[in-house]
$ cat work.cif   # mmCIF, C-alpha atoms and all ligand atoms
data_protein
loop_
_atom_site.label_atom_id
_atom_site.label_comp_id
_atom_site.auth_asym_id
_atom_site.auth_seq_id
_atom_site.Cartn_x
_atom_site.Cartn_y
_atom_site.Cartn_z
CA MET A 5 -37.63 -12.59 -46.78
CA GLU A 6 -36.99 -11.49 -43.23
CA LEU A 7 -34.48 -12.29 -40.48
CA ILE A 8 -36.08 -12.24 -37.04
CA TRP A 9 -34.49 -12.72 -33.61
CA LEU A 10 -36.88 -14.38 -31.23
CA ASN A 11 -35.86 -12.67 -27.99
CA ASP A 12 -36.72 -9.18 -29.23
CA ARG A 13 -39.75 -9.94 -31.37
CA PHE A 14 -41.65 -12.26 -29.08
CA GLY A 15 -40.25 -11.38 -25.67
CA VAL A 16 -40.65 -14.90 -24.30
CA LEU A 17 -37.09 -16.16 -24.30
CA GLN A 18 -35.37 -13.25 -22.55
CA ASP A 19 -32.01 -13.70 -20.82
CA ARG A 20 -31.35 -17.04 -22.45
CA THR A 21 -29.68 -18.14 -25.67
CA ASN A 22 -31.19 -16.16 -28.53
CA LEU A 23 -32.65 -18.02 -31.51
CA GLY A 24 -33.29 -16.70 -35.01
CA LEU A 25 -35.84 -17.23 -37.74
CA ILE A 26 -35.52 -16.55 -41.44
CA LYS A 27 -38.86 -16.37 -43.23
CA PHE A 28 -39.40 -17.35 -46.88
CA SER A 29 -43.11 -16.54 -47.31
CA ASN A 30 -44.60 -19.17 -44.95
CA ASP A 31 -41.54 -21.41 -44.65
CA VAL A 32 -38.87 -20.73 -42.05
CA ILE A 33 -35.31 -21.60 -41.10
CA LEU A 34 -34.89 -21.86 -37.33
CA ILE A 35 -31.40 -20.84 -36.23
CA ASP A 36 -30.40 -22.93 -33.18
CA SER A 37 -32.75 -24.84 -30.91
CA GLY A 38 -31.93 -23.64 -27.38
CA ILE A 39 -30.72 -25.58 -24.38
CA ASP A 40 -33.50 -28.13 -23.97
CA GLU A 41 -36.95 -29.39 -24.94
CA SER A 42 -38.82 -26.58 -23.15
CA TYR A 43 -36.94 -24.03 -25.18
CA ALA A 44 -37.56 -25.81 -28.50
CA ARG A 45 -41.24 -26.20 -27.59
CA LYS A 46 -41.55 -22.42 -27.20
CA ALA A 47 -39.86 -21.84 -30.57
CA LEU A 48 -42.22 -24.31 -32.32
CA LYS A 49 -45.24 -22.66 -30.67
CA ILE A 50 -44.15 -19.23 -31.93
CA ILE A 51 -43.68 -20.63 -35.45
CA SER A 52 -47.09 -22.32 -35.59
CA GLU A 53 -48.97 -19.42 -33.95
CA ASN A 54 -47.64 -17.16 -36.70
CA GLY A 55 -48.89 -19.52 -39.41
CA LEU A 56 -45.37 -20.51 -40.43
CA ARG A 57 -43.92 -23.91 -41.33
CA LEU A 58 -40.50 -25.04 -40.05
CA ARG A 59 -38.53 -26.53 -42.97
CA TRP A 60 -34.88 -26.19 -41.90
CA LEU A 61 -33.00 -26.13 -38.61
CA VAL A 62 -29.49 -24.67 -38.72
CA ASN A 63 -27.07 -25.05 -35.79
CA THR A 64 -24.52 -22.24 -35.55
CA HIS A 65 -22.15 -24.33 -33.40
CA PHE A 66 -22.07 -27.42 -31.21
CA HIS A 67 -22.47 -25.92 -27.72
CA ALA A 68 -25.30 -27.55 -25.79
CA ASP A 69 -27.29 -24.32 -25.34
CA HIS A 70 -27.56 -24.09 -29.15
CA ILE A 71 -28.36 -27.73 -30.03
CA GLY A 72 -30.19 -28.97 -26.91
CA GLY A 73 -33.65 -28.70 -28.49
CA ASN A 74 -32.73 -30.48 -31.77
CA ALA A 75 -33.83 -33.97 -30.71
CA PHE A 76 -37.25 -32.74 -29.53
CA ILE A 77 -37.84 -30.89 -32.83
CA GLN A 78 -36.73 -33.91 -34.88
CA ARG A 79 -39.18 -36.16 -32.96
CA ARG A 80 -42.03 -33.74 -33.67
CA LEU A 81 -41.36 -32.72 -37.28
CA GLU A 82 -39.70 -33.68 -40.55
CA VAL A 83 -37.01 -31.04 -40.62
CA GLN A 84 -33.73 -30.77 -42.53
CA THR A 85 -31.01 -30.12 -39.95
CA MET A 86 -27.88 -28.43 -41.24
CA THR A 87 -24.58 -27.26 -39.81
CA HIS A 88 -20.88 -26.91 -40.58
CA LEU A 89 -18.87 -30.02 -41.43
CA LEU A 90 -16.82 -29.68 -38.22
CA THR A 91 -19.92 -29.27 -36.01
CA LYS A 92 -21.72 -32.40 -37.25
CA PRO A 93 -19.67 -34.95 -35.20
CA PHE A 94 -20.36 -32.97 -31.99
CA VAL A 95 -24.12 -32.73 -32.64
CA GLU A 96 -24.39 -36.45 -33.39
CA ASN A 97 -22.03 -37.42 -30.51
CA PRO A 98 -22.62 -34.67 -27.93
CA ILE A 99 -20.32 -36.31 -25.35
CA PHE A 100 -17.49 -34.75 -27.41
CA GLU A 101 -18.25 -31.33 -25.92
CA PRO A 102 -17.69 -32.18 -22.22
CA MET A 103 -14.87 -34.57 -23.21
CA SER A 104 -13.02 -31.81 -25.06
CA LEU A 105 -13.38 -29.51 -22.03
CA TYR A 106 -12.04 -32.27 -19.77
CA CYS A 107 -8.83 -32.93 -21.79
CA GLY A 108 -10.42 -35.81 -23.73
CA ALA A 109 -11.08 -37.88 -20.58
CA SER A 110 -14.43 -39.31 -19.51
CA PRO A 111 -16.14 -36.16 -18.17
CA LEU A 112 -17.18 -35.61 -14.56
CA ASP A 113 -20.91 -35.95 -13.81
CA GLU A 114 -20.91 -32.18 -13.25
CA LEU A 115 -19.91 -31.74 -16.92
CA ARG A 116 -22.83 -33.91 -18.08
CA SER A 117 -25.57 -31.41 -17.19
CA LYS A 118 -27.72 -29.89 -19.95
CA PHE A 119 -25.33 -26.94 -20.07
CA PHE A 120 -22.61 -29.16 -21.56
CA LEU A 121 -24.26 -32.37 -22.78
CA ALA A 122 -27.17 -32.24 -25.24
CA GLU A 123 -29.35 -35.12 -26.39
CA PRO A 124 -27.90 -36.61 -29.63
CA SER A 125 -29.58 -35.52 -32.87
CA LYS A 126 -29.10 -36.04 -36.60
CA ILE A 127 -27.50 -33.72 -39.15
CA ASN A 128 -28.84 -34.15 -42.72
CA ALA A 129 -26.55 -31.75 -44.54
CA VAL A 130 -23.29 -29.92 -43.96
CA PHE A 131 -22.05 -26.68 -45.44
CA GLU A 132 -19.25 -24.14 -45.31
CA ARG A 133 -19.13 -20.54 -46.49
CA GLY A 134 -21.49 -19.73 -49.38
CA CYS A 135 -25.10 -19.29 -50.37
CA TYR A 136 -27.25 -22.32 -49.57
CA PHE A 137 -30.66 -20.69 -49.34
CA GLU A 138 -32.01 -17.96 -51.63
CA ASP A 139 -30.24 -14.69 -50.63
CA VAL A 140 -29.05 -16.11 -47.30
CA GLN A 141 -25.28 -16.18 -46.86
CA VAL A 142 -23.60 -18.71 -44.60
CA ILE A 143 -20.50 -17.13 -43.05
CA GLU A 144 -17.73 -19.01 -41.28
CA LEU A 145 -17.15 -17.41 -37.87
CA PRO A 146 -14.84 -19.72 -35.87
CA GLY A 147 -12.98 -18.68 -32.72
CA HIS A 148 -15.53 -19.10 -29.94
CA ALA A 149 -16.10 -22.65 -31.20
CA LEU A 150 -14.58 -24.75 -33.96
CA GLY A 151 -16.68 -24.64 -37.14
CA GLN A 152 -19.02 -21.87 -35.98
CA ILE A 153 -21.17 -20.22 -38.65
CA GLY A 154 -23.48 -17.22 -38.90
CA LEU A 155 -26.38 -16.56 -41.28
CA ALA A 156 -26.70 -13.21 -43.05
CA LEU A 157 -29.51 -11.59 -44.99
CA GLY A 158 -28.59 -8.25 -46.58
CA ASP A 159 -26.81 -6.09 -44.02
CA ILE A 160 -27.96 -8.04 -40.95
CA VAL A 161 -26.20 -11.12 -39.59
CA PHE A 162 -27.17 -13.68 -36.97
CA ALA A 163 -23.67 -13.96 -35.53
CA ALA A 164 -24.38 -16.39 -32.65
CA ASP A 165 -21.46 -16.55 -30.17
CA SER A 166 -18.88 -14.96 -32.48
CA ILE A 167 -19.82 -11.68 -30.79
CA PHE A 168 -21.20 -10.93 -27.30
CA GLY A 169 -23.45 -8.14 -26.07
CA SER A 170 -21.72 -5.38 -24.07
CA GLN A 171 -23.62 -6.34 -20.90
CA VAL A 172 -22.31 -9.91 -21.21
CA LEU A 173 -18.72 -8.67 -21.59
CA ASP A 174 -19.12 -6.45 -18.51
CA ARG A 175 -20.82 -9.10 -16.39
CA LYS A 176 -18.53 -12.04 -17.14
CA GLY A 177 -15.09 -10.37 -17.12
CA ILE A 178 -13.86 -12.97 -19.64
CA VAL A 179 -15.88 -14.73 -22.38
CA VAL A 180 -15.27 -18.17 -23.86
CA TYR A 181 -12.96 -18.70 -26.84
CA SER A 182 -11.16 -21.72 -28.23
CA ASN A 183 -9.03 -19.89 -30.83
CA ILE A 184 -8.14 -16.20 -30.39
CA GLY A 185 -6.64 -15.61 -33.86
CA ASP A 186 -9.77 -17.04 -35.51
CA ALA A 187 -12.03 -15.02 -33.18
CA LEU A 188 -10.33 -11.77 -34.23
CA LYS A 189 -10.66 -12.65 -37.94
CA SER A 190 -14.35 -13.51 -37.44
CA LEU A 191 -14.96 -10.15 -35.74
CA GLU A 192 -13.37 -8.42 -38.75
CA ARG A 193 -15.80 -10.31 -41.03
CA LEU A 194 -18.72 -8.92 -38.99
CA ARG A 195 -17.68 -5.36 -39.89
CA ASP A 196 -19.33 -5.93 -43.30
CA PHE A 197 -22.77 -5.81 -41.64
CA ASN A 198 -24.76 -2.94 -40.19
CA LYS A 199 -26.54 -5.06 -37.59
CA CYS A 200 -25.23 -8.04 -35.59
CA ILE A 201 -27.46 -10.39 -33.63
CA PRO A 202 -25.52 -12.11 -30.84
CA SER A 203 -26.86 -15.23 -29.16
CA HIS A 204 -26.13 -13.62 -25.80
CA GLY A 205 -26.94 -9.92 -25.57
CA LEU A 206 -28.82 -7.27 -27.50
CA VAL A 207 -28.85 -6.66 -31.26
CA SER A 208 -26.19 -4.11 -32.06
CA ASN A 209 -24.23 -2.20 -34.66
CA ARG A 210 -20.59 -2.13 -35.75
CA ASN A 211 -19.51 -0.59 -32.44
CA LEU A 212 -20.05 -3.98 -30.80
CA VAL A 213 -17.30 -5.45 -33.03
CA HIS A 214 -14.94 -2.82 -31.64
CA LEU A 215 -15.99 -3.61 -28.05
CA ASN A 216 -15.44 -7.36 -28.54
CA LYS A 217 -11.99 -6.80 -30.10
CA SER A 218 -11.05 -4.47 -27.23
CA HIS A 219 -12.17 -7.13 -24.74
CA ILE A 220 -9.86 -9.72 -26.37
CA GLU A 221 -6.95 -7.27 -26.43
CA PHE A 222 -7.56 -6.35 -22.78
CA VAL A 223 -7.54 -10.00 -21.61
CA ALA A 224 -4.46 -10.82 -23.75
CA GLU A 225 -2.61 -7.84 -22.26
CA LYS A 226 -3.66 -8.89 -18.76
CA ILE A 227 -2.25 -12.40 -19.30
CA TYR A 228 0.94 -11.03 -20.85
CA ASN A 229 1.50 -8.68 -17.89
CA THR A 230 0.71 -11.40 -15.33
CA LEU A 231 3.50 -13.48 -16.91
CA LYS A 232 6.25 -10.97 -16.19
CA GLU A 233 7.17 -13.59 -13.59
CA GLN A 234 7.10 -17.34 -14.31
CA LYS A 235 3.69 -18.88 -13.51
CA SER A 236 2.17 -22.33 -13.71
CA GLU A 237 -1.12 -22.61 -15.64
CA GLU A 238 -2.99 -23.09 -12.35
CA THR A 239 -1.48 -19.99 -10.73
CA LEU A 240 -2.12 -17.92 -13.85
CA ILE A 241 -5.80 -18.99 -13.88
CA CYS A 242 -6.17 -18.17 -10.14
CA GLU A 243 -4.69 -14.70 -10.57
CA LEU A 244 -6.85 -13.95 -13.61
CA ILE A 245 -10.02 -14.97 -11.77
CA GLU A 246 -9.13 -12.48 -9.08
CA SER A 247 -8.03 -9.59 -11.28
CA LEU A 248 -10.91 -9.93 -13.80
CA GLN A 249 -13.41 -10.49 -10.94
CA VAL A 250 -14.77 -13.64 -12.54
CA ASN A 251 -17.68 -15.21 -10.68
CA LEU A 252 -16.49 -18.82 -10.55
CA GLU A 253 -18.94 -20.98 -8.62
CA ASP A 254 -18.86 -24.33 -10.38
CA VAL A 255 -16.46 -26.75 -12.02
CA GLY A 256 -18.06 -26.26 -15.47
CA THR A 257 -17.23 -22.54 -15.45
CA TYR A 258 -13.69 -23.45 -14.32
CA TYR A 259 -13.10 -25.72 -17.33
CA LEU A 260 -14.57 -23.16 -19.77
CA LEU A 261 -12.25 -20.53 -18.29
CA ARG A 262 -9.28 -22.91 -18.43
CA MET A 263 -9.91 -23.65 -22.13
CA THR A 264 -10.13 -19.91 -22.81
CA VAL A 265 -6.86 -19.15 -20.98
CA LEU A 266 -5.14 -21.95 -22.94
CA ALA A 267 -6.49 -20.42 -26.17
CA TYR A 268 -4.94 -17.05 -25.21
CA LEU A 269 -1.63 -18.74 -24.33
CA SER A 270 -1.50 -20.57 -27.70
CA TRP A 271 -2.16 -17.30 -29.52
CA LEU A 272 0.40 -15.31 -27.48
CA LYS A 273 2.96 -18.06 -28.16
CA GLU A 274 2.21 -17.95 -31.91
CA MET A 275 2.82 -14.18 -31.76
CA GLY A 276 6.21 -14.83 -30.13
CA LYS A 277 5.17 -13.10 -26.89
CA VAL A 278 5.25 -15.97 -24.37
CA GLN A 279 7.02 -19.29 -23.97
CA PHE A 280 6.59 -22.33 -21.74
CA PHE A 281 8.71 -25.07 -20.21
CA VAL A 282 7.89 -28.17 -18.19
CA ASP A 283 9.30 -28.36 -14.68
CA LYS A 284 8.60 -30.84 -11.88
CA GLY A 285 5.27 -31.91 -13.35
CA ARG A 286 4.06 -28.37 -14.06
CA VAL A 287 3.76 -26.36 -17.28
CA ILE A 288 5.37 -22.98 -16.53
CA TRP A 289 4.72 -19.90 -18.69
CA GLN A 290 6.66 -16.67 -18.97
CA ARG A 291 6.52 -13.65 -21.24
CA LEU A 292 9.45 -12.99 -23.63
ZN ZN B 1 -21.27 -21.11 -27.56
#

$ encode --input "work.cif" --output "structure tokens"
Amino acid sequence: MELIWLNDRFGVLQDRTNLGLIKFSNDVILIDSGIDESYARKALKIISENGLRLRWLVNTHFHADHIGGNAFIQRRLEVQTMTHLLTKPFVENPIFEPMSLYCGASPLDELRSKFFLAEPSKINAVFERGCYFEDVQVIELPGHALGQIGLALGDIVFAADSIFGSQVLDRKGIVVYSNIGDALKSLERLRDFNKCIPSHGLVSNRNLVHLNKSHIEFVAEKIYNTLKEQKSEETLICELIESLQVNLEDVGTYYLLRMTVLAYLSWLKEMGKVQFFVDKGRVIWQRL
């Protein structure tokens, strides 16, 4: 058995969401399906050119750049599609992703692009932590997204978006999370492995866990310090964009950033470090 990451091995999907393959003789598990049909088409071509047969498709989480090729693959092949119990409703009803970013309201057209809204597809089986394939461990890695999983074989883990490459951390200034406490616990789980394969960035060792934890601590500290004076959510977001030098050019990036800032605020509040009150139609935050 072998765990392969497509970006490195085949060099055709560079700079986009990484996919993984786990080989069992000639049968393979494909990990994630990319953002759209063209991406899935490339993955299927690689599989068939190497004389392999796709038997299972596993989605690590519900974000559109990880499930966008599912429908195309399911139209072409009989494939068992599996994911976590909490991811299934999002894969089968992909409007839930842009709706959740847009406070549950009907999303703007700009949030219905392929970056946020995938074509619906079917999940045949759900699983949580455990061993579902021979020697392959499914690991729960929530924090970036609800119900996220990784797949591990020996001391190597396909960790998807539970960890980001160092270049991604440097370039973006702040990376997307929905639950900071869970993200930190998931990073601790990744310490058990010698090699981590992120969906965005290069394959790395345990040092990447340290870098990702430091990134979270740095952003949390930045928010805590910014709240030495009372700030509305909007003002806090504006000041963070400036101080972290975030390149914010579209409304989609704004809502991803907003969700992430709210995740940090929830976590800081749980830790007893910040508090909020409502005043004149605004939610005001301040550190304690
Ligand atoms: Zn993601």

$ residues_near_ligand --input "work.cif" --ligand "ligand ZN 1 (chain B)" --cutoff "7 Å" --atoms "all atoms listed in the file" --output "list in words"
His65, His67, His148, Ala149 and Asp165 of chain A

$ residues_near_point --input "work.cif" --point "(-35.3, -29.0, -36.0)" --cutoff "10 Å" --atoms "all atoms listed in the file" --output "PyMOL selection string"
chain A and resi 33-37+44+48+58-63+71+73-86+125-127

$ residues_near_point --input "work.cif" --point "(-13.7, -12.1, -11.7)" --cutoff "12 Å" --atoms "only C-alpha atoms" --output "list in words"
Leu173, Asp174, Arg175, Lys176, Gly177, Ile178, Val179, Val223, Ile241, Cys242, Glu243, Leu244, Ile245, Glu246, Ser247, Leu248, Gln249, Val250, Asn251, Leu252, Glu253, Thr257, Tyr258 and Leu261 of chain A

$ atom_distance --input "work.cif" --atom1 "CA of Gly169 in chain A" --atom2 "CA of Glu192 in chain A"
16.2 Å

$ residues_around --input "work.cif" --residues "range 25-28 of chain A" --least-positions-apart "4" --cutoff "8 Å" --atoms "all atoms listed in the file" --output "JSON, numbers by chain"
{"A": [5, 6, 7, 8, 9, 10, 32, 33, 34, 35]}

$ closest_residue --input "work.cif" --among "A:Ile227, A:Leu115, A:Leu188, A:Cys107" --to "Leu240 in chain A" --atoms "all atoms listed in the file"
A:Ile227

$ residues_around --input "work.cif" --residues "Val130 in chain A" --least-positions-apart "5" --cutoff "9 Å" --atoms "all atoms listed in the file" --output "ChimeraX atom specification"
/A:85-92

$ write_last_selection --input "work.cif" --atoms "C-alpha atoms" --output "CSV table (one decimal), in the coordinates of the input"
chain,number,residue,atom,x,y,z
A,85,THR,CA,-31.0,-30.1,-40.0
A,86,MET,CA,-27.9,-28.4,-41.2
A,87,THR,CA,-24.6,-27.3,-39.8
A,88,HIS,CA,-20.9,-26.9,-40.6
A,89,LEU,CA,-18.9,-30.0,-41.4
A,90,LEU,CA,-16.8,-29.7,-38.2
A,91,THR,CA,-19.9,-29.3,-36.0
A,92,LYS,CA,-21.7,-32.4,-37.2

$ residues_around --input "work.cif" --residues "His204 in chain A" --least-positions-apart "5" --cutoff "7 Å" --atoms "only C-alpha atoms" --output "list in words"
Thr21, Asn22, Phe168 and Gly169 of chain A

$ decode --input "work.cif" --residues "range 37-65 of chain A" --atoms "N, CA and C atoms" --output "compact mmCIF listing (two decimals), in the first residue's frame"
# COMPACT_ATOMS: atom_id res chain seq x y z
N SER A 37 -11.71 15.76 -4.58
CA SER A 37 -11.93 15.72 -6.04
C SER A 37 -11.64 17.05 -6.71
N GLY A 38 -11.08 18.03 -5.97
CA GLY A 38 -10.73 19.31 -6.59
C GLY A 38 -11.92 20.23 -6.74
N ILE A 39 -11.68 21.36 -7.39
CA ILE A 39 -12.69 22.42 -7.39
C ILE A 39 -13.75 22.26 -8.48
N ASP A 40 -13.42 21.54 -9.55
CA ASP A 40 -14.41 21.42 -10.62
C ASP A 40 -14.11 20.20 -11.51
N GLU A 41 -14.90 20.09 -12.56
CA GLU A 41 -14.82 18.95 -13.47
C GLU A 41 -13.42 18.80 -14.09
N SER A 42 -12.80 19.94 -14.46
CA SER A 42 -11.51 19.85 -15.14
C SER A 42 -10.47 19.22 -14.21
N TYR A 43 -10.59 19.54 -12.96
CA TYR A 43 -9.67 19.01 -11.97
C TYR A 43 -9.87 17.51 -11.78
N ALA A 44 -11.14 17.10 -11.66
CA ALA A 44 -11.46 15.68 -11.48
C ALA A 44 -11.05 14.88 -12.72
N ARG A 45 -11.22 15.49 -13.89
CA ARG A 45 -10.84 14.83 -15.15
C ARG A 45 -9.35 14.49 -15.15
N LYS A 46 -8.53 15.46 -14.68
CA LYS A 46 -7.08 15.23 -14.61
C LYS A 46 -6.77 14.08 -13.65
N ALA A 47 -7.45 14.07 -12.51
CA ALA A 47 -7.20 13.01 -11.51
C ALA A 47 -7.55 11.64 -12.10
N LEU A 48 -8.70 11.55 -12.81
CA LEU A 48 -9.10 10.26 -13.40
C LEU A 48 -8.10 9.81 -14.47
N LYS A 49 -7.60 10.79 -15.24
CA LYS A 49 -6.62 10.47 -16.30
C LYS A 49 -5.36 9.87 -15.67
N ILE A 50 -4.89 10.50 -14.61
CA ILE A 50 -3.69 10.01 -13.91
C ILE A 50 -3.92 8.59 -13.42
N ILE A 51 -5.10 8.34 -12.85
CA ILE A 51 -5.40 7.01 -12.30
C ILE A 51 -5.41 5.96 -13.43
N SER A 52 -6.09 6.28 -14.54
CA SER A 52 -6.18 5.26 -15.61
C SER A 52 -4.84 5.09 -16.33
N GLU A 53 -4.08 6.17 -16.52
CA GLU A 53 -2.78 6.05 -17.20
C GLU A 53 -1.79 5.20 -16.40
N ASN A 54 -2.02 5.10 -15.09
CA ASN A 54 -1.14 4.29 -14.25
C ASN A 54 -1.70 2.89 -14.01
N GLY A 55 -2.71 2.54 -14.80
CA GLY A 55 -3.29 1.19 -14.73
C GLY A 55 -4.02 0.92 -13.42
N LEU A 56 -4.53 1.97 -12.80
CA LEU A 56 -5.22 1.81 -11.51
C LEU A 56 -6.73 1.91 -11.69
N ARG A 57 -7.46 1.43 -10.68
CA ARG A 57 -8.93 1.47 -10.75
C ARG A 57 -9.46 2.23 -9.53
N LEU A 58 -10.25 3.29 -9.79
CA LEU A 58 -10.80 4.08 -8.68
C LEU A 58 -11.98 3.35 -8.06
N ARG A 59 -11.87 3.00 -6.78
CA ARG A 59 -12.94 2.28 -6.08
C ARG A 59 -13.65 3.17 -5.06
N TRP A 60 -12.90 4.05 -4.39
CA TRP A 60 -13.47 4.89 -3.34
C TRP A 60 -13.04 6.34 -3.53
N LEU A 61 -13.97 7.24 -3.23
CA LEU A 61 -13.65 8.67 -3.17
C LEU A 61 -13.94 9.12 -1.74
N VAL A 62 -12.95 9.73 -1.11
CA VAL A 62 -13.15 10.22 0.27
C VAL A 62 -13.03 11.74 0.25
N ASN A 63 -14.01 12.43 0.82
CA ASN A 63 -13.92 13.89 0.95
C ASN A 63 -13.46 14.25 2.35
N THR A 64 -12.38 15.03 2.43
CA THR A 64 -11.84 15.39 3.75
C THR A 64 -12.74 16.39 4.47
N HIS A 65 -13.37 17.30 3.70
CA HIS A 65 -14.31 18.26 4.29
C HIS A 65 -15.16 18.85 3.17
